[in-house]
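**Q** Got upload-v7.csv for you, CSV, C-alpha atoms and all ligand atoms:
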chain,number,residue,atom,x,y,z
J,1,MET,CA,38.0,41.5,37.7
J,2,LYS,CA,34.8,40.5,39.2
J,3,TYR,CA,34.6,36.9,37.9
J,4,ASN,CA,37.3,34.3,37.9
J,5,PHE,CA,37.8,32.6,34.6
J,6,ASP,CA,41.2,31.2,35.6
J,7,GLU,CA,39.5,28.7,38.0
J,8,ILE,CA,40.0,25.1,36.8
J,9,VAL,CA,36.8,23.1,37.4
J,10,PRO,CA,37.4,19.4,37.1
J,11,ARG,CA,35.0,18.0,34.5
J,12,ARG,CA,36.2,14.5,33.8
J,13,GLY,CA,33.8,11.9,35.1
J,14,THR,CA,30.9,14.3,35.1
J,15,GLY,CA,29.3,12.8,32.0
J,16,SER,CA,30.7,15.7,29.9
J,17,VAL,CA,30.7,15.0,26.2
J,18,LYS,CA,33.8,17.2,25.8
J,19,TRP,CA,35.8,15.6,28.6
J,20,ASP,CA,34.5,12.1,28.8
J,21,HIS,CA,34.7,11.4,25.1
J,22,CYS,CA,38.3,12.2,25.0
J,23,ALA,CA,41.4,10.0,25.4
J,24,PRO,CA,42.6,9.6,29.0
J,25,GLY,CA,44.9,12.4,30.0
J,26,ALA,CA,44.2,14.4,26.8
J,27,ILE,CA,43.1,18.0,27.1
J,28,PRO,CA,39.8,18.4,25.2
J,29,MET,CA,39.7,21.4,23.0
J,30,TRP,CA,37.0,20.3,20.7
J,31,VAL,CA,33.2,20.3,21.2
J,32,ALA,CA,31.8,23.8,21.7
J,33,ASP,CA,31.2,24.3,25.4
J,34,MET,CA,33.4,26.2,27.8
J,35,ASP,CA,35.3,25.0,30.9
J,36,PHE,CA,34.0,27.9,33.0
J,37,LYS,CA,31.3,27.8,35.6
J,38,ALA,CA,28.1,29.6,34.6
J,39,ALA,CA,27.6,33.2,35.9
J,40,PRO,CA,26.9,33.3,39.6
J,41,GLU,CA,23.7,35.2,38.7
J,42,ILE,CA,22.5,32.2,36.8
J,43,LEU,CA,23.6,29.7,39.4
J,44,GLU,CA,21.7,31.7,42.0
J,45,ALA,CA,18.5,31.7,40.0
J,46,LEU,CA,18.8,28.0,39.3
J,47,GLN,CA,19.4,27.3,43.0
J,48,LYS,CA,16.3,29.2,43.9
J,49,ARG,CA,14.3,27.3,41.4
J,50,LEU,CA,15.8,24.0,42.7
J,51,ASP,CA,14.9,24.9,46.2
J,52,HIS,CA,11.3,25.2,45.3
J,53,GLY,CA,11.5,21.4,44.9
J,54,VAL,CA,8.6,20.9,42.4
J,55,PHE,CA,9.5,20.5,38.7
J,56,GLY,CA,6.2,19.9,36.9
J,57,TYR,CA,5.5,20.9,33.3
J,58,GLN,CA,6.5,24.4,32.6
J,59,LEU,CA,4.5,27.3,31.1
J,60,VAL,CA,6.6,30.0,29.4
J,61,PRO,CA,5.8,33.1,31.4
J,62,ASP,CA,5.6,36.7,30.1
J,63,GLN,CA,8.8,37.5,31.9
J,64,TYR,CA,10.6,35.1,29.6
J,65,PHE,CA,9.7,37.0,26.5
J,66,GLU,CA,10.3,40.4,28.3
J,67,ALA,CA,13.9,39.2,29.1
J,68,ILE,CA,14.6,38.2,25.5
J,69,ASP,CA,13.1,41.5,24.2
J,70,GLY,CA,15.0,43.6,26.7
J,71,TRP,CA,18.3,42.0,26.0
J,72,PHE,CA,18.2,42.1,22.2
J,73,THR,CA,16.7,45.6,22.1
J,74,GLU,CA,19.4,47.0,24.4
J,75,ARG,CA,22.4,45.0,23.2
J,76,HIS,CA,21.7,44.5,19.5
J,77,GLY,CA,19.1,47.1,18.5
J,78,TRP,CA,16.7,44.3,17.6
J,79,SER,CA,13.2,45.0,18.8
J,80,GLY,CA,10.0,43.1,18.1
J,81,LEU,CA,10.9,39.9,20.0
J,82,LYS,CA,7.5,39.3,21.7
J,83,ARG,CA,5.4,36.3,22.6
J,84,GLU,CA,3.6,36.9,19.3
J,85,THR,CA,6.8,36.5,17.3
J,86,ILE,CA,8.6,33.7,19.1
J,87,VAL,CA,8.2,30.0,19.6
J,88,PRO,CA,10.4,28.5,22.3
J,89,THR,CA,11.9,25.1,21.8
J,90,THR,CA,14.5,22.7,23.2
J,91,GLY,CA,17.6,23.8,21.4
J,92,VAL,CA,18.9,25.5,18.3
J,93,ILE,CA,19.4,22.3,16.4
J,94,ALA,CA,15.7,21.5,17.1
J,95,ALA,CA,14.9,25.0,16.0
J,96,TYR,CA,16.5,25.0,12.6
J,97,SER,CA,15.6,21.4,12.0
J,98,ALA,CA,11.9,22.3,12.5
J,99,ALA,CA,12.3,25.3,10.4
J,100,ILE,CA,13.7,23.2,7.5
J,101,LYS,CA,10.8,20.8,7.9
J,102,ALA,CA,8.3,23.7,7.8
J,103,MET,CA,9.7,25.4,4.8
J,104,THR,CA,10.6,22.5,2.5
J,105,VAL,CA,9.2,19.4,0.9
J,106,PRO,CA,11.4,16.2,0.5
J,107,GLY,CA,13.9,16.7,-2.3
J,108,ASP,CA,14.3,20.5,-1.8
J,109,LYS,CA,17.8,21.9,-1.8
J,110,VAL,CA,19.2,23.7,1.2
J,111,ILE,CA,22.4,25.8,0.9
J,112,VAL,CA,25.1,25.8,3.5
J,113,MET,CA,28.2,27.9,3.4
J,114,THR,CA,31.0,25.4,3.8
J,115,PRO,CA,32.9,24.6,6.0
J,116,CYS,CA,30.0,24.8,8.3
J,117,TYR,CA,28.7,23.6,11.6
J,118,ASN,CA,28.6,19.8,11.3
J,119,ALA,CA,25.1,19.3,12.8
J,120,PHE,CA,23.7,21.3,9.8
J,121,PHE,CA,24.3,18.2,7.6
J,122,PRO,CA,22.1,15.6,9.4
J,123,ALA,CA,19.3,18.2,9.9
J,124,ILE,CA,19.1,18.6,6.1
J,125,ARG,CA,19.3,14.8,5.5
J,126,ASN,CA,16.8,14.0,8.2
J,127,ASN,CA,14.3,16.3,6.6
J,128,LYS,CA,14.9,14.5,3.3
J,129,CYS,CA,16.4,17.5,1.7
J,130,VAL,CA,19.5,17.8,-0.4
J,131,GLN,CA,22.5,19.8,0.7
J,132,LEU,CA,24.0,22.3,-1.6
J,133,GLY,CA,27.5,23.5,-0.5
J,134,ASN,CA,28.5,27.1,-1.2
J,135,PRO,CA,32.2,27.0,-0.3
J,136,LEU,CA,33.5,30.1,1.5
J,137,HIS,CA,36.3,31.8,-0.2
J,138,TYR,CA,39.7,31.9,1.5
J,139,GLU,CA,42.3,34.3,0.4
J,140,ASN,CA,45.3,36.0,2.1
J,141,GLY,CA,44.1,34.5,5.4
J,142,LEU,CA,40.6,35.9,5.2
J,143,TRP,CA,37.2,34.2,4.7
J,144,SER,CA,34.4,35.6,2.6
J,145,ILE,CA,31.3,34.6,0.8
J,146,ASP,CA,31.6,33.6,-2.8
J,147,PHE,CA,28.5,35.5,-4.0
J,148,GLN,CA,28.7,34.4,-7.6
J,149,ASP,CA,28.6,30.7,-6.6
J,150,PHE,CA,25.9,31.6,-4.0
J,151,GLU,CA,23.6,33.2,-6.6
J,152,GLU,CA,24.1,30.1,-8.9
J,153,LYS,CA,23.1,27.8,-6.0
J,154,CYS,CA,20.1,30.0,-5.2
J,155,LYS,CA,18.7,29.3,-8.6
J,156,GLU,CA,18.0,25.7,-7.6
J,157,ALA,CA,17.6,26.0,-3.8
J,158,ARG,CA,14.6,26.5,-1.5
J,159,VAL,CA,16.4,27.4,1.8
J,160,LEU,CA,19.6,29.0,3.0
J,161,LEU,CA,20.8,27.7,6.4
J,162,LEU,CA,23.0,30.5,7.5
J,163,CYS,CA,25.4,30.6,10.4
J,164,ASN,CA,25.6,34.2,11.7
J,165,PRO,CA,28.3,34.5,13.2
J,166,HIS,CA,29.9,31.6,11.4
J,167,ASN,CA,31.2,28.4,13.1
J,168,PRO,CA,33.9,27.3,12.3
J,169,VAL,CA,35.6,30.0,10.3
J,170,GLY,CA,35.0,32.7,13.0
J,171,ARG,CA,33.5,35.4,10.7
J,172,VAL,CA,30.9,37.8,12.0
J,173,TRP,CA,29.1,38.7,8.8
J,174,THR,CA,28.8,42.4,8.2
J,175,ARG,CA,25.5,44.2,7.5
J,176,GLU,CA,26.7,44.7,3.9
J,177,GLU,CA,27.4,41.0,3.4
J,178,LEU,CA,24.1,40.0,4.9
J,179,LEU,CA,22.2,42.6,2.8
J,180,ARG,CA,23.8,41.1,-0.3
J,181,VAL,CA,22.9,37.6,0.8
J,182,GLY,CA,19.3,38.8,1.5
J,183,GLU,CA,18.9,40.5,-1.9
J,184,ILE,CA,20.0,37.3,-3.7
J,185,CYS,CA,17.7,35.2,-1.6
J,186,LEU,CA,14.7,37.5,-2.3
J,187,ARG,CA,15.6,37.5,-6.0
J,188,HIS,CA,15.5,33.7,-6.2
J,189,ASN,CA,12.8,33.1,-3.6
J,190,VAL,CA,15.2,31.3,-1.2
J,191,PHE,CA,14.0,31.3,2.4
J,192,VAL,CA,16.6,32.1,5.1
J,193,ILE,CA,17.0,30.2,8.4
J,194,SER,CA,19.6,32.2,10.4
J,195,ASP,CA,21.3,30.3,13.2
J,196,GLU,CA,22.5,33.0,15.6
J,197,ILE,CA,23.5,30.9,18.6
J,198,HIS,CA,27.0,32.5,18.6
J,199,CYS,CA,25.7,36.1,18.4
J,200,GLU,CA,27.0,37.3,21.8
J,201,LEU,CA,30.5,36.1,21.3
J,202,THR,CA,32.0,38.8,19.2
J,203,TYR,CA,35.2,40.8,19.5
J,204,PRO,CA,36.0,44.6,19.1
J,205,GLY,CA,35.3,45.9,15.7
J,206,HIS,CA,33.0,43.0,14.7
J,207,ASP,CA,29.5,43.7,15.8
J,208,TYR,CA,26.8,41.1,15.3
J,209,THR,CA,24.1,42.1,12.9
J,210,PRO,CA,20.8,40.3,13.7
J,211,TRP,CA,19.3,39.1,10.4
J,212,ALA,CA,16.0,40.5,11.8
J,213,THR,CA,17.4,44.0,11.6
J,214,LEU,CA,17.7,43.9,7.8
J,215,PRO,CA,15.0,45.5,5.6
J,216,GLU,CA,11.5,44.2,6.2
J,217,ALA,CA,11.2,42.1,3.0
J,218,MET,CA,14.3,40.1,4.1
J,219,VAL,CA,13.0,39.7,7.6
J,220,LEU,CA,9.7,38.4,6.4
J,221,ASN,CA,11.5,35.9,4.3
J,222,SER,CA,13.3,34.4,7.3
J,223,VAL,CA,13.4,32.9,10.7
J,224,SER,CA,16.1,33.5,13.3
J,225,CYS,CA,17.2,30.9,15.8
J,226,ILE,CA,18.6,32.3,19.1
J,227,SER,CA,19.6,31.0,22.4
J,228,PRO,CA,21.7,32.2,25.4
J,229,THR,CA,23.1,28.7,25.9
J,230,LYS,CA,26.4,29.0,24.0
J,231,ALA,CA,27.4,32.4,25.4
J,232,PHE,CA,26.5,31.6,28.9
J,233,ASN,CA,27.8,28.1,28.9
J,234,ILE,CA,24.5,26.4,29.7
J,235,ALA,CA,24.2,24.3,26.6
J,236,GLY,CA,23.3,21.1,28.6
J,237,ILE,CA,20.2,22.9,29.9
J,238,GLN,CA,18.8,23.3,26.4
J,239,ILE,CA,16.5,26.1,25.5
J,240,ALA,CA,16.2,28.1,22.3
J,241,ASN,CA,13.8,30.3,20.4
J,242,ILE,CA,12.6,30.7,16.9
J,243,PHE,CA,11.7,34.3,15.8
J,244,ALA,CA,9.5,35.0,12.8
J,245,ALA,CA,8.1,38.4,11.9
J,246,ASP,CA,5.5,36.9,9.6
J,247,PRO,CA,2.6,35.3,11.7
J,248,ALA,CA,2.0,32.7,8.9
J,249,ILE,CA,5.6,31.6,9.1
J,250,LEU,CA,5.5,31.5,12.9
J,251,ALA,CA,2.4,29.3,12.7
J,252,LYS,CA,4.3,26.9,10.5
J,253,MET,CA,7.2,26.9,13.0
J,254,ASP,CA,4.7,26.1,15.8
J,255,ARG,CA,3.3,23.3,13.7
J,256,ALA,CA,6.8,21.9,13.0
J,257,ILE,CA,8.0,21.9,16.6
J,258,ASN,CA,4.8,20.2,17.6
J,259,ASP,CA,5.2,17.6,14.8
J,260,ASN,CA,8.8,17.0,16.0
J,261,GLU,CA,7.6,16.9,19.7
J,262,CYS,CA,10.1,19.5,20.8
J,263,CYS,CA,7.6,22.2,21.9
J,264,ASP,CA,7.8,21.6,25.7
J,265,VAL,CA,10.7,23.4,27.4
J,266,ASN,CA,12.7,22.6,30.5
J,267,VAL,CA,11.9,24.2,33.8
J,268,PHE,CA,15.6,25.1,34.3
J,269,GLY,CA,15.9,26.4,30.7
J,270,VAL,CA,13.3,29.0,31.3
J,271,THR,CA,14.9,30.1,34.6
J,272,ALA,CA,18.5,30.1,33.2
J,273,LEU,CA,17.4,32.1,30.1
J,274,MET,CA,15.8,34.8,32.2
J,275,ALA,CA,18.7,35.0,34.6
J,276,ALA,CA,21.2,35.2,31.7
J,277,TYR,CA,19.4,38.0,29.8
J,278,ASN,CA,18.3,39.9,32.9
J,279,HIS,CA,21.5,39.7,35.0
J,280,GLY,CA,24.3,38.1,32.9
J,281,GLY,CA,25.6,41.2,31.0
J,282,ALA,CA,28.6,42.0,33.2
J,283,TRP,CA,29.7,38.3,33.3
J,284,LEU,CA,29.4,38.1,29.5
J,285,ASP,CA,31.4,41.2,28.9
J,286,GLN,CA,34.2,40.0,31.1
J,287,LEU,CA,34.1,36.6,29.4
J,288,ARG,CA,34.5,38.2,26.0
J,289,GLU,CA,37.6,40.0,27.3
J,290,TYR,CA,39.0,36.8,28.6
J,291,LEU,CA,38.3,35.0,25.4
J,292,LEU,CA,39.9,37.8,23.4
J,293,ASP,CA,43.1,37.4,25.5
J,294,ASN,CA,43.0,33.7,24.9
J,295,ALA,CA,42.8,34.3,21.2
J,296,ARG,CA,45.8,36.7,21.4
J,297,THR,CA,47.6,34.0,23.4
J,298,VAL,CA,47.0,31.5,20.5
J,299,TYR,CA,48.2,34.0,17.8
J,300,CYS,CA,51.4,34.8,19.8
J,301,PHE,CA,52.1,31.1,20.6
J,302,LEU,CA,51.7,30.1,16.9
J,303,GLU,CA,53.9,32.9,15.8
J,304,ASP,CA,56.7,31.9,18.2
J,305,HIS,CA,56.4,28.1,18.2
J,306,LEU,CA,54.3,27.0,15.2
J,307,PRO,CA,54.6,29.5,12.4
J,308,GLN,CA,53.5,26.9,9.9
J,309,VAL,CA,50.1,26.8,11.5
J,310,VAL,CA,47.9,29.7,10.5
J,311,ALA,CA,44.9,30.8,12.6
J,312,SER,CA,42.0,32.5,10.8
J,313,PRO,CA,41.3,35.9,12.4
J,314,LEU,CA,38.7,35.4,15.2
J,315,GLU,CA,35.9,37.9,14.8
J,316,GLY,CA,33.4,35.9,16.8
J,317,THR,CA,32.8,32.5,18.6
J,318,TYR,CA,35.5,30.9,20.7
J,319,LEU,CA,36.4,28.4,18.0
J,320,MET,CA,39.7,29.0,16.2
J,321,TRP,CA,40.0,27.7,12.7
J,322,LEU,CA,43.5,26.6,12.1
J,323,ASP,CA,45.2,25.9,8.8
J,324,PHE,CA,47.6,23.0,9.1
J,325,ARG,CA,48.1,22.4,5.4
J,326,GLU,CA,51.7,23.4,5.4
J,327,VAL,CA,52.3,20.7,8.0
J,328,ILE,CA,50.0,17.9,6.9
J,329,GLY,CA,49.0,18.8,3.3
J,330,SER,CA,45.4,18.4,2.1
J,331,GLU,CA,45.2,14.9,0.9
J,332,PRO,CA,42.0,13.0,1.8
J,333,GLY,CA,42.3,11.9,5.4
J,334,ALA,CA,45.0,14.4,6.5
J,335,SER,CA,42.8,16.2,9.0
J,336,GLU,CA,41.4,13.1,10.5
J,337,ARG,CA,44.9,11.5,10.9
J,338,LEU,CA,46.3,14.6,12.6
J,339,ALA,CA,43.4,14.9,15.0
J,340,SER,CA,43.6,11.3,15.9
J,341,VAL,CA,47.4,11.4,16.5
J,342,LEU,CA,47.0,14.6,18.6
J,343,GLU,CA,44.4,13.0,20.8
J,344,ARG,CA,46.0,9.6,21.3
J,345,GLN,CA,49.6,10.5,21.4
J,346,GLY,CA,49.8,14.3,21.7
J,347,GLY,CA,47.5,14.6,24.6
J,348,VAL,CA,45.2,17.3,23.1
J,349,LYS,CA,41.9,16.8,21.3
J,350,LEU,CA,40.9,19.2,18.5
J,351,SER,CA,37.9,18.9,16.2
J,352,THR,CA,38.7,17.3,12.9
J,353,GLY,CA,38.4,19.9,10.2
J,354,THR,CA,36.6,17.7,7.7
J,355,ILE,CA,33.6,17.1,9.9
J,356,TYR,CA,32.7,20.6,8.7
J,357,GLY,CA,32.8,19.5,5.1
J,358,PRO,CA,35.4,17.9,2.8
J,359,VAL,CA,36.5,21.4,1.7
J,360,ALA,CA,38.3,21.7,5.1
J,361,GLU,CA,40.9,19.0,4.5
J,362,GLY,CA,44.1,20.1,6.2
J,363,TRP,CA,42.2,22.3,8.8
J,364,GLU,CA,41.3,21.7,12.4
J,365,ARG,CA,39.1,23.6,14.9
J,366,LEU,CA,40.5,24.6,18.3
J,367,ASN,CA,38.1,25.5,21.2
J,368,ILE,CA,39.9,28.2,23.3
J,369,ALA,CA,37.1,28.6,25.9
J,370,CYS,CA,39.1,27.4,28.9
J,371,PRO,CA,41.3,28.8,31.7
J,372,ARG,CA,44.5,30.2,30.3
J,373,LYS,CA,46.7,27.6,32.0
J,374,LEU,CA,44.8,24.8,30.3
J,375,LEU,CA,45.0,26.7,27.0
J,376,LEU,CA,48.8,27.0,27.3
J,377,GLU,CA,49.2,23.4,28.2
J,378,GLY,CA,47.2,22.4,25.2
J,379,LEU,CA,49.2,24.6,22.9
J,380,ASN,CA,52.5,23.3,24.3
J,381,ARG,CA,51.3,19.7,23.7
J,382,LEU,CA,50.3,20.7,20.2
J,383,SER,CA,53.7,22.2,19.4
J,384,GLN,CA,55.6,19.2,21.0
J,385,SER,CA,53.5,16.8,18.8
J,386,LEU,CA,54.4,18.5,15.5
J,387,PRO,CA,57.8,18.0,14.1
J,388,LEU,CA,57.9,21.4,12.5
J,389,GLN,CA,61.0,23.4,13.4
Z,1,LIG,C1,26.1,27.0,14.9
Z,1,LIG,C2,25.5,26.2,16.0
Z,1,LIG,N1,24.2,25.9,16.0
Z,1,LIG,C3,23.7,25.1,17.0
Z,1,LIG,C4,24.5,24.6,18.0
Z,1,LIG,C5,23.8,23.7,19.0
Z,1,LIG,O1,22.7,24.2,19.5
Z,1,LIG,P1,21.8,23.5,20.6
Z,1,LIG,O2,22.8,22.8,21.6
Z,1,LIG,O3,21.0,24.6,21.2
Z,1,LIG,O4,21.0,22.5,19.9
Z,1,LIG,C6,25.9,24.8,17.9
Z,1,LIG,C7,26.7,24.2,18.9
Z,1,LIG,O5,27.9,24.2,18.8
Z,1,LIG,C8,26.4,25.6,16.9
Z,1,LIG,O6,27.7,25.9,16.8
Now, as a test, write the supplied structure out as structure tokens.
**A**
Amino acid sequence: MKYNFDEIVPRRGTGSVKWDHCAPGAIPMWVADMDFKAAPEILEALQKRLDHGVFGYQLVPDQYFEAIDGWFTERHGWSGLKRETIVPTTGVIAAYSAAIKAMTVPGDKVIVMTPCYNAFFPAIRNNKCVQLGNPLHYENGLWSIDFQDFEEKCKEARVLLLCNPHNPVGRVWTREELLRVGEICLRHNVFVISDEIHCELTYPGHDYTPWATLPEAMVLNSVSCISPTKAFNIAGIQIANIFAADPAILAKMDRAINDNECCDVNVFGVTALMAAYNHGGAWLDQLREYLLDNARTVYCFLEDHLPQVVASPLEGTYLMWLDFREVIGSEPGASERLASVLERQGGVKLSTGTIYGPVAEGWERLNIACPRKLLLEGLNRLSQSLPLQ
């Protein structure tokens, strides 16, 4: 093993949202960043840029677009990512928020597949749109899209805000599922904004399908929001890109990120992105193996010590979606109460399930992107907190 993901890097007191917004002594397994150092290849590039010592306003160089194009073509069979089809921005939230702004007028309806990433909700609200939930279907431990409900919602919606792969249920949508979504959207003139920030974090047998590799009509009816920040653990550096195949749509995106004043990118974001896409492949592959072993550790632990808690199969992301309903039921407030007790008394902080939508009552989200020793300590604390046996 070339990289050491077992190293414990102290983060408390560094201004980390994950660690410093967490009860004293508790292990934070909530907000979606990882407790690993970034790849040495990225650190080296940042150090070199730092050593230059001048950090004026940053142009986005050709090499930036070449790095994106090279990575996505080689890794994901997605070509066509060029300066002419991309607008860089400060983050994926900024990206999809600008896209909503560009493609809607106040009062338009935006579909989200719930439970879904919690920062989707304010972006819809802040753009004066109305959220339409399309609850995912859960049966025999598996999550799927309720296409019948989706088509009904499309009859009144203007935009679908898709999460591909999906946070928090951990699904990596298949090409077939995306094609079905795309056909329904075309039929009802619903524009697709695909948030693909988790695209690198997939596990064997579950390949990521970029929305932009679907048939042309579907691609022209969409934008994709991508970033290396989640997979390479550089979320605090903040950089992202909006892809649109249709130049008229791209011009609207450009207008919207200018209106929102989020069109200037960070010096270090540009450097980090190029280092990640040009030199981060080996680190990422080893990380994915480590995370897969962490997920297996969770499955085994739950089976042995907490059989009443059921983990949804993790196809992608490092966020495990846990069903606590057998333990806490699904009455209003159940998720929040459990998360609060776990943090304050149990010494482990999970994300409250219902922040991803009220449909998630009785669920919690567990971030497993940490050294195995911390993960096991967190799991032990979880099992000691729950009077289950
Ligand atoms: C689906 C999804 N989109 C966007 C983000 C945040 O993106 P950014 O930090 O680039 O704004 C997250 C962070 O967890 C996420 O899970």
**Q** Please, which residues in region 25-138 of chain J fall within 12 Å of region 207-223 of chain J when counting all atoms listed in the file, and what is the closest atom pair and distance in Å to one decimal for each, ordered by chain then residue number, as a Markdown table?
**A**
| residue | atom | partner | partner_atom | distance |
| --- | --- | --- | --- | --- |
| J:Phe72 | CA | J:Pro210 | CA | 9.1 |
| J:Thr73 | CA | J:Thr213 | CA | 10.6 |
| J:Arg75 | CA | J:Tyr208 | CA | 9.8 |
| J:His76 | CA | J:Pro210 | CA | 7.2 |
| J:Gly77 | CA | J:Thr213 | CA | 7.8 |
| J:Trp78 | CA | J:Thr213 | CA | 6.0 |
| J:Ser79 | CA | J:Thr213 | CA | 8.4 |
| J:Gly80 | CA | J:Ala212 | CA | 9.1 |
| J:Leu81 | CA | J:Ala212 | CA | 9.7 |
| J:Thr85 | CA | J:Val223 | CA | 10.0 |
| J:Ile86 | CA | J:Val223 | CA | 9.7 |
| J:Val87 | CA | J:Val223 | CA | 10.7 |
| J:Val92 | CA | J:Val223 | CA | 11.9 |
| J:Ala95 | CA | J:Val223 | CA | 9.6 |
| J:Tyr96 | CA | J:Val223 | CA | 8.7 |
| J:Ser97 | CA | J:Val223 | CA | 11.8 |
| J:Ala98 | CA | J:Val223 | CA | 10.9 |
| J:Ala99 | CA | J:Val223 | CA | 7.7 |
| J:Ile100 | CA | J:Val223 | CA | 10.2 |
| J:Ala102 | CA | J:Val223 | CA | 10.9 |
| J:Met103 | CA | J:Ser222 | CA | 10.0 |
**Q** Please indicate the distance in Å from CA of Tyr299 (chain J) to CA of Glu336 (chain J), rounded to one decimal place.
**A**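 Computing the Euclidean distance for CA of Tyr299 (chain J) and CA of Glu336 (chain J) yields 23.2 Å.
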**Q** Find the residues near region 3-10 of chain J: any atom within 9 Å, counting all atoms listed in the file, skip ones fewer than 4 places away on the same chain, and give them as a tab-separated table (two decimals) with C-alpha atoms, in the frame of the given file.
**A**
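selection.tsv was written with the following content:
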chain	number	residue	atom	x	y	z
J	14	THR	CA	30.90	14.30	35.10
J	35	ASP	CA	35.30	25.00	30.90
J	36	PHE	CA	34.00	27.90	33.00
J	37	LYS	CA	31.30	27.80	35.60
J	39	ALA	CA	27.60	33.20	35.90
J	40	PRO	CA	26.90	33.30	39.60
J	283	TRP	CA	29.70	38.30	33.30
J	286	GLN	CA	34.20	40.00	31.10
J	287	LEU	CA	34.10	36.60	29.40
J	290	TYR	CA	39.00	36.80	28.60
J	370	CYS	CA	39.10	27.40	28.90
J	371	PRO	CA	41.30	28.80	31.70
J	372	ARG	CA	44.50	30.20	30.30
J	373	LYS	CA	46.70	27.60	32.00
J	374	LEU	CA	44.80	24.80	30.30
**Q** Just want the residues within 10 Å of ligand LIG 1 (chain Z), written as a PDB file with C-alpha atoms, in the frame of the given file, counting all atoms listed in the file.
**A**
ATOM      1  CA  VAL J  31      33.200  20.300  21.200  1.00  0.00           C
ATOM      2  CA  ALA J  32      31.800  23.800  21.700  1.00  0.00           C
ATOM      3  CA  ASP J  33      31.200  24.300  25.400  1.00  0.00           C
ATOM      4  CA  THR J  89      11.900  25.100  21.800  1.00  0.00           C
ATOM      5  CA  THR J  90      14.500  22.700  23.200  1.00  0.00           C
ATOM      6  CA  GLY J  91      17.600  23.800  21.400  1.00  0.00           C
ATOM      7  CA  VAL J  92      18.900  25.500  18.300  1.00  0.00           C
ATOM      8  CA  ILE J  93      19.400  22.300  16.400  1.00  0.00           C
ATOM      9  CA  ALA J  94      15.700  21.500  17.100  1.00  0.00           C
ATOM     10  CA  ALA J  95      14.900  25.000  16.000  1.00  0.00           C
ATOM     11  CA  TYR J  96      16.500  25.000  12.600  1.00  0.00           C
ATOM     12  CA  SER J  97      15.600  21.400  12.000  1.00  0.00           C
ATOM     13  CA  CYS J 116      30.000  24.800   8.300  1.00  0.00           C
ATOM     14  CA  TYR J 117      28.700  23.600  11.600  1.00  0.00           C
ATOM     15  CA  ASN J 118      28.600  19.800  11.300  1.00  0.00           C
ATOM     16  CA  ALA J 119      25.100  19.300  12.800  1.00  0.00           C
ATOM     17  CA  PHE J 120      23.700  21.300   9.800  1.00  0.00           C
ATOM     18  CA  LEU J 162      23.000  30.500   7.500  1.00  0.00           C
ATOM     19  CA  CYS J 163      25.400  30.600  10.400  1.00  0.00           C
ATOM     20  CA  ASN J 164      25.600  34.200  11.700  1.00  0.00           C
ATOM     21  CA  PRO J 165      28.300  34.500  13.200  1.00  0.00           C
ATOM     22  CA  HIS J 166      29.900  31.600  11.400  1.00  0.00           C
ATOM     23  CA  ASN J 167      31.200  28.400  13.100  1.00  0.00           C
ATOM     24  CA  PRO J 168      33.900  27.300  12.300  1.00  0.00           C
ATOM     25  CA  SER J 194      19.600  32.200  10.400  1.00  0.00           C
ATOM     26  CA  ASP J 195      21.300  30.300  13.200  1.00  0.00           C
ATOM     27  CA  GLU J 196      22.500  33.000  15.600  1.00  0.00           C
ATOM     28  CA  ILE J 197      23.500  30.900  18.600  1.00  0.00           C
ATOM     29  CA  HIS J 198      27.000  32.500  18.600  1.00  0.00           C
ATOM     30  CA  CYS J 199      25.700  36.100  18.400  1.00  0.00           C
ATOM     31  CA  CYS J 225      17.200  30.900  15.800  1.00  0.00           C
ATOM     32  CA  ILE J 226      18.600  32.300  19.100  1.00  0.00           C
ATOM     33  CA  SER J 227      19.600  31.000  22.400  1.00  0.00           C
ATOM     34  CA  PRO J 228      21.700  32.200  25.400  1.00  0.00           C
ATOM     35  CA  THR J 229      23.100  28.700  25.900  1.00  0.00           C
ATOM     36  CA  LYS J 230      26.400  29.000  24.000  1.00  0.00           C
ATOM     37  CA  ILE J 234      24.500  26.400  29.700  1.00  0.00           C
ATOM     38  CA  ALA J 235      24.200  24.300  26.600  1.00  0.00           C
ATOM     39  CA  GLY J 236      23.300  21.100  28.600  1.00  0.00           C
ATOM     40  CA  ILE J 237      20.200  22.900  29.900  1.00  0.00           C
ATOM     41  CA  GLN J 238      18.800  23.300  26.400  1.00  0.00           C
ATOM     42  CA  ILE J 239      16.500  26.100  25.500  1.00  0.00           C
ATOM     43  CA  ALA J 240      16.200  28.100  22.300  1.00  0.00           C
ATOM     44  CA  ASN J 241      13.800  30.300  20.400  1.00  0.00           C
ATOM     45  CA  THR J 317      32.800  32.500  18.600  1.00  0.00           C
ATOM     46  CA  LEU J 319      36.400  28.400  18.000  1.00  0.00           C
TER      47      LEU J 319
END
**Q** What is the distance, in Å and to one decimal place, between CA of Pro358 (chain J) and CA of Val130 (chain J)?
**A**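 That distance, rounded to one decimal, is 16.2 Å.
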**Q** Considering only C-alpha atoms, return as a ChimeraX atom specification whatever protein or nucleic-acid residues lie within 8 Å of Ala311 (chain J), sequence-local ones (same chain, fewer than 3 positions apart) excluded.
**A** /J:299,320-323
**Q** Between CA of Ile355 (chain J) and CA of Pro115 (chain J), measure the distance and give it in Å to one decimal.
**A**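 One can read the CA of Ile355 (chain J) to CA of Pro115 (chain J) distance as 8.5 Å.
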**Q** Which one is closest to Met253 (chain J): J:Leu201, J:Lys101, J:Lys349, J:Met1? Count only C-alpha atoms.
**A** J:Lys101
**Q** With all atoms listed in the file as the basis for distance, which of J:Arg288, J:Lys82, J:Arg337, J:Arg158 is at the shortest distance from Pro61 (chain J)?
**A**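 Of J:Arg288, J:Lys82, J:Arg337, J:Arg158, the one nearest Pro61 (chain J), counting all atoms listed in the file, is J:Lys82.
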